[in-house]
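The structure file upload_39.txt is reproduced below (compact mmCIF, C-alpha atoms).
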# COMPACT_ATOMS: atom_id res chain seq x y z
CA MET R 1496 -12.05 -39.04 -26.22
CA LYS R 1497 -8.29 -39.10 -25.96
CA VAL R 1498 -6.65 -35.87 -24.80
CA HIS R 1499 -2.89 -35.47 -25.26
CA PHE R 1500 -1.35 -32.51 -23.41
CA LEU R 1501 1.46 -31.23 -25.60
CA GLY R 1502 2.19 -28.15 -23.50
CA THR R 1503 1.11 -26.97 -20.05
CA ALA R 1504 2.87 -23.62 -19.47
CA ALA R 1505 1.77 -20.01 -19.63
CA ALA R 1506 3.11 -17.52 -22.18
CA GLU R 1507 6.76 -17.42 -21.13
CA GLY R 1508 7.20 -21.16 -20.61
CA PHE R 1509 8.34 -22.79 -17.38
CA PRO R 1510 11.16 -22.15 -16.83
CA ASN R 1511 11.34 -18.84 -18.65
CA VAL R 1512 14.65 -19.06 -20.53
CA PHE R 1513 15.43 -15.42 -19.70
CA CYS R 1514 14.54 -15.67 -16.02
CA ARG R 1515 16.71 -16.18 -12.93
CA CYS R 1516 13.91 -16.43 -10.36
CA GLN R 1517 14.15 -19.33 -7.91
CA PRO R 1518 11.29 -21.41 -9.37
CA CYS R 1519 12.86 -21.20 -12.84
CA GLN R 1520 16.25 -22.25 -11.49
CA ASP R 1521 14.65 -25.07 -9.50
CA ALA R 1522 12.74 -26.29 -12.57
CA ARG R 1523 15.95 -26.36 -14.63
CA LYS R 1524 17.61 -28.55 -12.01
CA ALA R 1525 14.65 -30.84 -11.38
CA LYS R 1526 13.71 -31.25 -15.08
CA GLY R 1527 11.12 -33.94 -15.86
CA ARG R 1528 7.55 -32.75 -15.37
CA ASN R 1529 8.80 -29.33 -14.27
CA ILE R 1530 9.79 -28.42 -17.85
CA ARG R 1531 6.70 -26.98 -19.47
CA THR R 1532 6.18 -25.71 -23.03
CA ARG R 1533 3.33 -23.45 -24.12
CA SER R 1534 -0.18 -24.87 -23.70
CA SER R 1535 -1.91 -26.98 -26.34
CA VAL R 1536 -3.71 -30.31 -26.64
CA VAL R 1537 -4.42 -32.82 -29.40
CA ILE R 1538 -7.77 -34.60 -29.23
CA ASP R 1539 -8.22 -38.09 -30.71
CA ASP R 1540 -4.97 -37.59 -32.69
CA GLN R 1541 -6.87 -35.59 -35.34
CA TRP R 1542 -7.70 -32.15 -34.00
CA ARG R 1543 -5.72 -29.67 -32.03
CA VAL R 1544 -6.54 -26.76 -29.73
CA ASP R 1545 -4.16 -23.81 -30.30
CA TYR R 1546 -0.83 -23.70 -32.12
CA PRO R 1547 1.91 -22.23 -29.90
CA PRO R 1548 5.51 -21.42 -30.84
CA ASP R 1549 6.56 -24.78 -29.35
CA ALA R 1550 4.34 -26.85 -31.69
CA TYR R 1551 7.27 -28.11 -33.79
CA TYR R 1552 9.22 -29.33 -30.77
CA GLN R 1553 6.11 -30.81 -29.13
CA ALA R 1554 5.33 -32.93 -32.20
CA LEU R 1555 8.88 -34.33 -32.30
CA ARG R 1556 9.08 -34.91 -28.55
CA ASP R 1557 5.76 -36.80 -28.35
CA ASP R 1558 5.86 -38.44 -31.80
CA VAL R 1559 2.71 -36.66 -32.98
CA ASP R 1560 1.96 -37.00 -36.70
CA MET R 1561 0.80 -33.46 -37.48
CA SER R 1562 -0.05 -34.47 -41.06
CA GLN R 1563 -3.02 -36.33 -39.57
CA VAL R 1564 -4.27 -33.30 -37.64
CA ASN R 1565 -6.91 -31.79 -39.93
CA HIS R 1566 -8.73 -29.47 -37.53
CA LEU R 1567 -7.32 -26.58 -35.51
CA LEU R 1568 -9.43 -24.82 -32.87
CA LEU R 1569 -8.12 -21.45 -31.75
CA THR R 1570 -9.01 -19.92 -28.38
CA HIS R 1571 -7.45 -16.49 -29.06
CA THR R 1572 -4.51 -14.74 -30.70
CA HIS R 1573 -2.00 -14.29 -27.86
CA TYR R 1574 1.41 -15.35 -29.11
CA ASP R 1575 1.60 -18.42 -26.87
CA HIS R 1576 -1.62 -19.76 -28.44
CA LEU R 1577 -1.28 -18.88 -32.10
CA CYS R 1578 1.95 -18.91 -34.09
CA ALA R 1579 0.30 -18.70 -37.51
CA GLY R 1580 3.52 -18.45 -39.48
CA ASP R 1581 4.51 -21.99 -38.52
CA LEU R 1582 1.44 -23.33 -40.33
CA LEU R 1583 3.14 -22.52 -43.63
CA SER R 1584 5.30 -25.61 -43.04
CA ARG R 1585 2.19 -27.63 -43.93
CA ILE R 1586 1.82 -26.30 -47.49
CA GLU R 1587 2.84 -28.13 -50.66
CA GLY R 1588 6.51 -27.62 -51.37
CA PHE R 1589 7.42 -27.59 -47.70
CA ALA R 1590 5.40 -30.71 -46.85
CA HIS R 1591 4.66 -33.67 -49.13
CA GLY R 1592 1.86 -36.22 -48.95
CA VAL R 1593 -0.56 -34.02 -46.99
CA GLU R 1594 -3.77 -34.59 -48.90
CA GLN R 1595 -6.43 -32.85 -46.79
CA PRO R 1596 -6.70 -29.13 -46.08
CA LEU R 1597 -6.39 -27.85 -42.54
CA ASN R 1598 -9.71 -26.62 -41.14
CA ILE R 1599 -9.15 -23.64 -38.84
CA TYR R 1600 -11.83 -22.42 -36.42
CA GLY R 1601 -11.54 -19.19 -34.46
CA ASN R 1602 -12.65 -15.64 -33.82
CA ASP R 1603 -12.28 -12.77 -36.30
CA LEU R 1604 -8.82 -11.76 -35.11
CA ALA R 1605 -7.44 -15.30 -35.23
CA LEU R 1606 -8.67 -15.90 -38.76
CA GLN R 1607 -7.43 -12.51 -39.94
CA GLN R 1608 -3.98 -13.25 -38.53
CA CYS R 1609 -3.93 -16.54 -40.42
CA ARG R 1610 -5.13 -14.91 -43.66
CA THR R 1611 -2.42 -12.24 -43.44
CA ILE R 1612 0.28 -14.88 -43.07
CA PHE R 1613 -1.12 -17.10 -45.81
CA SER R 1614 -1.42 -14.18 -48.25
CA GLU R 1615 2.37 -13.92 -48.27
CA GLU R 1616 2.51 -17.21 -50.19
CA SER R 1617 0.67 -17.33 -53.51
CA GLY R 1618 -1.79 -20.08 -54.32
CA ILE R 1619 -2.10 -21.66 -50.88
CA GLN R 1620 -5.45 -20.37 -49.64
CA GLN R 1621 -7.15 -23.56 -50.85
CA GLN R 1622 -4.98 -25.58 -48.45
CA PHE R 1623 -6.72 -23.96 -45.48
CA ASN R 1624 -10.44 -23.76 -44.73
CA MET R 1625 -11.37 -21.12 -42.17
CA GLN R 1626 -14.59 -20.91 -40.17
CA ARG R 1627 -15.45 -17.94 -37.97
CA LEU R 1628 -16.90 -18.94 -34.62
CA ILE R 1629 -19.70 -17.16 -32.79
CA PRO R 1630 -19.98 -17.68 -29.02
CA PHE R 1631 -22.70 -20.20 -28.08
CA GLU R 1632 -23.34 -21.22 -31.72
CA ALA R 1633 -22.43 -24.90 -32.07
CA PHE R 1634 -20.61 -26.41 -35.03
CA TRP R 1635 -19.68 -29.95 -35.97
CA ILE R 1636 -16.46 -31.81 -36.70
CA GLY R 1637 -17.63 -35.20 -37.91
CA GLN R 1638 -19.70 -36.68 -35.09
CA ALA R 1639 -18.40 -34.17 -32.53
CA LYS R 1640 -20.54 -31.20 -31.55
CA ILE R 1641 -18.52 -28.22 -30.36
CA THR R 1642 -19.90 -25.11 -28.72
CA PRO R 1643 -17.59 -22.09 -28.34
CA LEU R 1644 -18.09 -20.31 -25.02
CA LEU R 1645 -16.94 -16.92 -23.80
CA ALA R 1646 -13.82 -16.71 -21.66
CA ASP R 1647 -12.88 -14.07 -19.11
CA HIS R 1648 -9.47 -13.21 -20.49
CA ASP R 1649 -8.49 -10.34 -22.79
CA PRO R 1650 -11.22 -7.65 -22.98
CA ARG R 1651 -9.84 -6.51 -26.35
CA GLU R 1652 -10.71 -9.83 -27.98
CA THR R 1653 -13.53 -12.39 -28.03
CA CYS R 1654 -11.57 -15.17 -26.35
CA LEU R 1655 -13.14 -18.62 -26.59
CA LEU R 1656 -13.45 -21.84 -24.64
CA PHE R 1657 -14.86 -25.09 -26.03
CA TYR R 1658 -17.52 -27.52 -24.82
CA ILE R 1659 -17.09 -30.71 -26.83
CA GLU R 1660 -19.66 -33.52 -27.07
CA LYS R 1661 -18.53 -36.73 -28.74
CA ASP R 1662 -19.53 -40.36 -28.30
CA SER R 1663 -21.70 -39.46 -25.27
CA GLU R 1664 -18.67 -37.82 -23.60
CA HIS R 1665 -18.43 -34.19 -22.56
CA LEU R 1666 -15.19 -32.22 -22.41
CA LEU R 1667 -14.79 -28.59 -21.36
CA TYR R 1668 -11.59 -26.93 -22.57
CA GLY R 1669 -11.50 -23.95 -20.20
CA ASN R 1670 -8.14 -22.33 -20.91
CA ASP R 1671 -7.35 -19.33 -20.97
CA SER R 1672 -9.91 -17.85 -18.62
CA GLY R 1673 -10.54 -16.56 -15.15
CA TRP R 1674 -13.87 -17.24 -13.42
CA PHE R 1675 -16.23 -17.73 -16.35
CA PRO R 1676 -18.46 -14.83 -17.49
CA PRO R 1677 -22.14 -15.00 -16.46
CA ALA R 1678 -23.25 -15.93 -20.00
CA THR R 1679 -20.93 -18.95 -19.98
CA TRP R 1680 -22.09 -20.07 -16.54
CA ASP R 1681 -25.70 -19.71 -17.69
CA TRP R 1682 -25.02 -21.88 -20.73
CA LEU R 1683 -23.12 -24.51 -18.73
CA GLU R 1684 -25.60 -24.72 -15.86
CA GLY R 1685 -27.03 -28.20 -15.47
CA ARG R 1686 -24.83 -29.72 -18.16
CA ARG R 1687 -22.70 -32.78 -17.66
CA VAL R 1688 -18.93 -32.33 -17.68
CA ASP R 1689 -16.91 -35.55 -17.81
CA MET R 1690 -13.58 -33.76 -18.01
CA ALA R 1691 -12.69 -30.10 -17.51
CA ILE R 1692 -9.30 -28.69 -18.45
CA LEU R 1693 -8.86 -25.48 -16.48
CA ASP R 1694 -6.41 -22.60 -16.44
CA CYS R 1695 -4.35 -22.46 -13.21
CA THR R 1696 -1.84 -19.81 -14.23
CA VAL R 1697 -1.37 -17.82 -11.05
CA GLY R 1698 -1.04 -20.56 -8.43
CA MET R 1699 -2.44 -19.62 -5.03
CA ASN R 1700 -3.79 -16.10 -4.51
CA GLY R 1701 -6.67 -16.57 -2.08
CA ASN R 1702 -9.27 -15.54 -4.69
CA PRO R 1703 -11.91 -18.15 -5.59
CA LYS R 1704 -13.10 -16.01 -8.53
CA SER R 1705 -9.88 -14.75 -10.12
CA ARG R 1706 -10.17 -12.62 -13.24
CA ASN R 1707 -8.25 -13.12 -16.53
CA HIS R 1708 -6.57 -16.34 -15.32
CA MET R 1709 -7.63 -18.85 -12.68
CA SER R 1710 -5.87 -19.58 -9.42
CA VAL R 1711 -5.78 -22.82 -7.42
CA GLU R 1712 -8.67 -21.47 -5.37
CA THR R 1713 -10.67 -20.64 -8.50
CA VAL R 1714 -10.19 -24.12 -9.97
CA ILE R 1715 -11.46 -25.62 -6.71
CA GLU R 1716 -14.47 -23.28 -6.75
CA VAL R 1717 -15.28 -24.26 -10.36
CA LYS R 1718 -15.28 -27.92 -9.36
CA LYS R 1719 -17.69 -27.20 -6.50
CA ARG R 1720 -20.05 -25.39 -8.86
CA PHE R 1721 -20.02 -28.24 -11.39
CA GLN R 1722 -20.84 -30.76 -8.68
CA ALA R 1723 -23.70 -28.64 -7.33
CA TRP R 1724 -25.81 -28.80 -10.49
CA HIS R 1725 -25.44 -32.33 -11.91
CA GLU R 1726 -25.04 -35.58 -9.98
CA GLU R 1727 -22.81 -37.03 -12.72
CA ASN R 1728 -20.37 -34.15 -12.15
CA THR R 1729 -19.27 -35.76 -8.89
CA LYS R 1730 -17.19 -37.94 -11.23
CA THR R 1731 -15.82 -35.04 -13.30
CA LYS R 1732 -12.10 -35.24 -13.97
CA ILE R 1733 -10.65 -31.80 -13.30
CA ILE R 1734 -7.21 -31.21 -14.82
CA ALA R 1735 -5.29 -28.00 -14.12
CA THR R 1736 -2.90 -26.60 -16.72
CA HIS R 1737 -1.27 -23.39 -18.09
CA PHE R 1738 1.11 -22.71 -15.20
CA SER R 1739 3.30 -19.61 -14.96
CA HIS R 1740 6.70 -19.63 -13.27
CA ASN R 1741 5.37 -16.62 -11.35
CA CYS R 1742 3.11 -18.98 -9.39
CA GLY R 1743 6.28 -20.21 -7.71
CA LEU R 1744 5.11 -23.84 -7.66
CA LEU R 1745 6.83 -26.85 -9.21
CA TYR R 1746 4.98 -29.98 -10.32
CA GLN R 1747 5.08 -31.79 -6.98
CA ASP R 1748 4.06 -28.64 -5.11
CA LEU R 1749 0.95 -28.40 -7.28
CA VAL R 1750 0.19 -32.11 -6.84
CA ASP R 1751 0.41 -31.80 -3.06
CA ILE R 1752 -1.92 -28.79 -3.04
CA LEU R 1753 -4.56 -30.13 -5.46
CA ALA R 1754 -4.59 -33.87 -4.65
CA PRO R 1755 -6.87 -33.45 -1.60
CA TYR R 1756 -9.49 -32.00 -3.97
CA GLN R 1757 -9.07 -34.85 -6.52
CA ILE R 1758 -7.78 -32.34 -9.07
CA GLU R 1759 -5.05 -33.59 -11.40
CA VAL R 1760 -2.02 -31.55 -12.43
CA ALA R 1761 -1.22 -31.68 -16.15
CA TYR R 1762 2.31 -32.01 -17.45
CA ASP R 1763 3.79 -32.05 -20.94
CA GLY R 1764 3.12 -35.40 -22.57
CA LEU R 1765 0.24 -36.42 -20.30
CA VAL R 1766 -2.43 -38.51 -22.09
CA LYS R 1767 -5.89 -38.89 -20.60
CA HIS R 1768 -9.00 -40.71 -21.77
CA ILE R 1769 -12.53 -39.75 -20.85
Have the structure of the file written as structure tokens, please.
Amino acid sequence: MKVHFLGTAAAEGFPNVFCRCQPCQDARKAKGRNIRTRSSVVIDDQWRVDYPPDAYYQALRDDVDMSQVNHLLLTHTHYDHLCAGDLLSRIEGFAHGVEQPLNIYGNDLALQQCRTIFSEESGIQQQFNMQRLIPFEAFWIGQAKITPLLADHDPRETCLLFYIEKDSEHLLYGNDSGWFPPATWDWLEGRRVDMAILDCTVGMNGNPKSRNHMSVETVIEVKKRFQAWHEENTKTKIIATHFSHNCGLLYQDLVDILAPYQIEVAYDGLVKHI
């Protein structure tokens, strides 16, 4: 599997354009990998996880052909993960030559938000196929088997993570979440994880089991748990993402902290292969 990180920031971006804190000012000066847009990935150039407000810019910046992305997996409805109105740019009249509908997978709230937006334009429902996801009930995209898992994030919503099996490779998309709920750990126990993409929003807080979002310490603890139950997980690629400016850490700071644990720090535009 090919994983292309289009965005690696938390909700407000890094730097936050309204903010004058020192990390935001430092990021503006340093630029490069310190400029982070809202989190999203494209997998194998054909399916995407989440659709943030920065999706338009990300596609132009990284030369991503969004007309070829036919599947959209949604983790939850927070504004930095779902900007449903922008999907209208894909419909006939705005876009030309897009022959296949967009298949959208998500929880009840995510699909309802999309339906509300789409209902504002007559005759376009057929351009979108929507499938409601149930935690721990697998579904298929071609030859890929995907199991939605429960996240520890917003208690008002059934927030999802994704365990993806394709071509004998195993990817865990674990963002947004704090330390996983017991049901998710029970499901994951003993399974192989070739790559895990993990939330690292809050930086360092001394808590190996942070709630709502993970910390550096929590990401390290997750890696230890993976390695404890499957010998192949000693080779697991752990990639941290979804950084808030409130963590106070720029790209190189994060690299210096996580490198001793063989944990990679994502940045906008990073491409990894399992």
Tell me, in Å to one decimal, how far CA of Gly1669 in chain R is from CA of Leu1749 in chain R.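 Answer for the CA of Gly1669 in chain R to CA of Leu1749 in chain R separation: 18.5 Å.
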List as a PyMOL selection string the protein and nucleic acid residues near Leu1597 in chain R, meaning an atom at most 8 Å away when only C-alpha atoms are counted, but skip any in the same chain fewer than 3 places from it. chain R and resi 1564-1567+1622-1624
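Distance annotation: of R:Asp1649, R:Gln1607, R:Ile1586, R:Tyr1658, the residue with the minimal separation from Ile1619 in chain R is R:Ile1586; atom set is all atoms listed in the file.
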Give me, as a list in words, all polymer residues having an atom no more than 8 Å from Thr1503 in chain R, counting only C-alpha atoms and skipping those fewer than 6 positions away in the same chain. Arg1531, Thr1532, Arg1533, Ser1534, Ser1535, Thr1736, His1737, Phe1738, Ala1761, Tyr1762 and Asp1763 of chain R
Residue subset to file, keeping C-alpha atoms, as an mmCIF file, keeping the file's coordinate frame:
data_model
loop_
_atom_site.group_PDB
_atom_site.id
_atom_site.type_symbol
_atom_site.label_atom_id
_atom_site.label_comp_id
_atom_site.auth_asym_id
_atom_site.auth_seq_id
_atom_site.Cartn_x
_atom_site.Cartn_y
_atom_site.Cartn_z
ATOM 1 C CA ARG R 1531 6.700 -26.980 -19.470
ATOM 2 C CA THR R 1532 6.180 -25.710 -23.030
ATOM 3 C CA ARG R 1533 3.330 -23.450 -24.120
ATOM 4 C CA SER R 1534 -0.180 -24.870 -23.700
ATOM 5 C CA SER R 1535 -1.910 -26.980 -26.340
ATOM 6 C CA THR R 1736 -2.900 -26.600 -16.720
ATOM 7 C CA HIS R 1737 -1.270 -23.390 -18.090
ATOM 8 C CA PHE R 1738 1.110 -22.710 -15.200
ATOM 9 C CA ALA R 1761 -1.220 -31.680 -16.150
ATOM 10 C CA TYR R 1762 2.310 -32.010 -17.450
ATOM 11 C CA ASP R 1763 3.790 -32.050 -20.940
#
Of the residues R:Gly1743, R:Gly1527, R:Pro1518, R:Pro1630, which is the one nearest to Pro1676 in chain R, using all atoms listed in the file?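 Among the listed residues, the smallest separation from Pro1676 in chain R belongs to R:Pro1630.
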Spatial neighbours of Ser1739 in chain R, max dist 9 Å, all atoms listed in the file, sep filter under 4 positions, as a list in words: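 In the requested format, the answer is Ala1504, Ala1505, Ala1506, Glu1507, Gly1508, Phe1509, Pro1510, Asn1511, Cys1695, Thr1696, Val1697, Gly1698, Gly1743 and Leu1744 of chain R.
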Protein and nucleic acid residues near (8.2, -26.4, -9.8) (cut-off 7 Å, only C-alpha atoms) as a VMD selection string: chain R and resid 1518 1521 to 1522 1529 1743 to 1748
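Candidate residues R:Gln1608, R:Asn1602, R:Gln1595, R:Thr1713 were compared for distance to Gly1580 in chain R, and the nearest is R:Gln1608, using all atoms listed in the file.
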Restrict the calculation to all atoms listed in the file, then for each residue of range 1607-1649 of chain R with any atom at most 8 Å from an atom of range 1679-1683 of chain R give the closest atom pair and their distance in Å to one decimal, rows by chain and rising residue number, as a tab-separated table.
residue	atom	partner	partner_atom	distance
R:Phe1631	CA	R:Trp1682	CA	7.9
R:Leu1644	CA	R:Thr1679	CA	5.9
R:Leu1645	CA	R:Thr1679	CA	5.9
R:Ala1646	CA	R:Thr1679	CA	7.6
Interatomic distance (Å, one decimal) between CA of Ile1636 in chain R and CA of Leu1606 in chain R: 17.8 Å
Give me the box for range 1585-1599 of chain R as lines of an AutoDock Vina configuration file, namely the centre and edge lengths in Å to one decimal of a box along x, y and z that holds every listed atom plus 3 Å on each side.
center_x = -1.1
center_y = -29.9
center_z = -45.1
size_x = 23.1
size_y = 18.6
size_z = 18.5
Between CA of Cys1519 in chain R and CA of Ile1752 in chain R - distance in Å to one decimal: 19.3 Å
Taking only C-alpha atoms into account, name the residue in R:Ile1641, R:Ile1769, R:Leu1693, R:Ile1530 that is nearest to Tyr1668 in chain R.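 Closest to Tyr1668 in chain R, using only C-alpha atoms: R:Leu1693.
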Would you mind listing what lies within 9 Å of Met1561 in chain R as an MDAnalysis selection string, with only C-alpha atoms counted and same-chain residues fewer than 2 positions away left out? chainID R and resid 1540:1541 1554 1559 1563:1565 1585
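Each of R:Glu1726, R:Asp1545, R:Glu1712, R:Glu1587 was compared to Arg1687 in chain R using all atoms listed in the file, and R:Glu1726 turns out to be the nearest.
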Looking at only C-alpha atoms, which of R:Leu1753, R:Ile1692, R:Val1544, R:Ile1758 is the one that sits closest to Asp1575 in chain R?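 When distances to Asp1575 in chain R are compared using only C-alpha atoms, the smallest one comes from R:Val1544.
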For Pro1643 in chain R: contacts at 10 Å, all atoms listed in the file, fewer than 5 positions along chain excluded, given as a short mmCIF file (atom, residue, chain, number, x, y, z; two decimals) with C-alpha atoms, in the coordinates of the input:
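Full text of result_34.cif as output:
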data_model
loop_
_atom_site.label_atom_id
_atom_site.label_comp_id
_atom_site.auth_asym_id
_atom_site.auth_seq_id
_atom_site.Cartn_x
_atom_site.Cartn_y
_atom_site.Cartn_z
CA LEU R 1568 -9.43 -24.82 -32.87
CA THR R 1570 -9.01 -19.92 -28.38
CA TYR R 1600 -11.83 -22.42 -36.42
CA GLY R 1601 -11.54 -19.19 -34.46
CA ASN R 1602 -12.65 -15.64 -33.82
CA LEU R 1628 -16.90 -18.94 -34.62
CA ILE R 1629 -19.70 -17.16 -32.79
CA PRO R 1630 -19.98 -17.68 -29.02
CA PHE R 1631 -22.70 -20.20 -28.08
CA GLU R 1632 -23.34 -21.22 -31.72
CA ALA R 1633 -22.43 -24.90 -32.07
CA PHE R 1634 -20.61 -26.41 -35.03
CA CYS R 1654 -11.57 -15.17 -26.35
CA LEU R 1655 -13.14 -18.62 -26.59
CA LEU R 1656 -13.45 -21.84 -24.64
CA PHE R 1657 -14.86 -25.09 -26.03
CA TYR R 1658 -17.52 -27.52 -24.82
CA ILE R 1659 -17.09 -30.71 -26.83
CA LEU R 1667 -14.79 -28.59 -21.36
CA TYR R 1668 -11.59 -26.93 -22.57
CA THR R 1679 -20.93 -18.95 -19.98
#
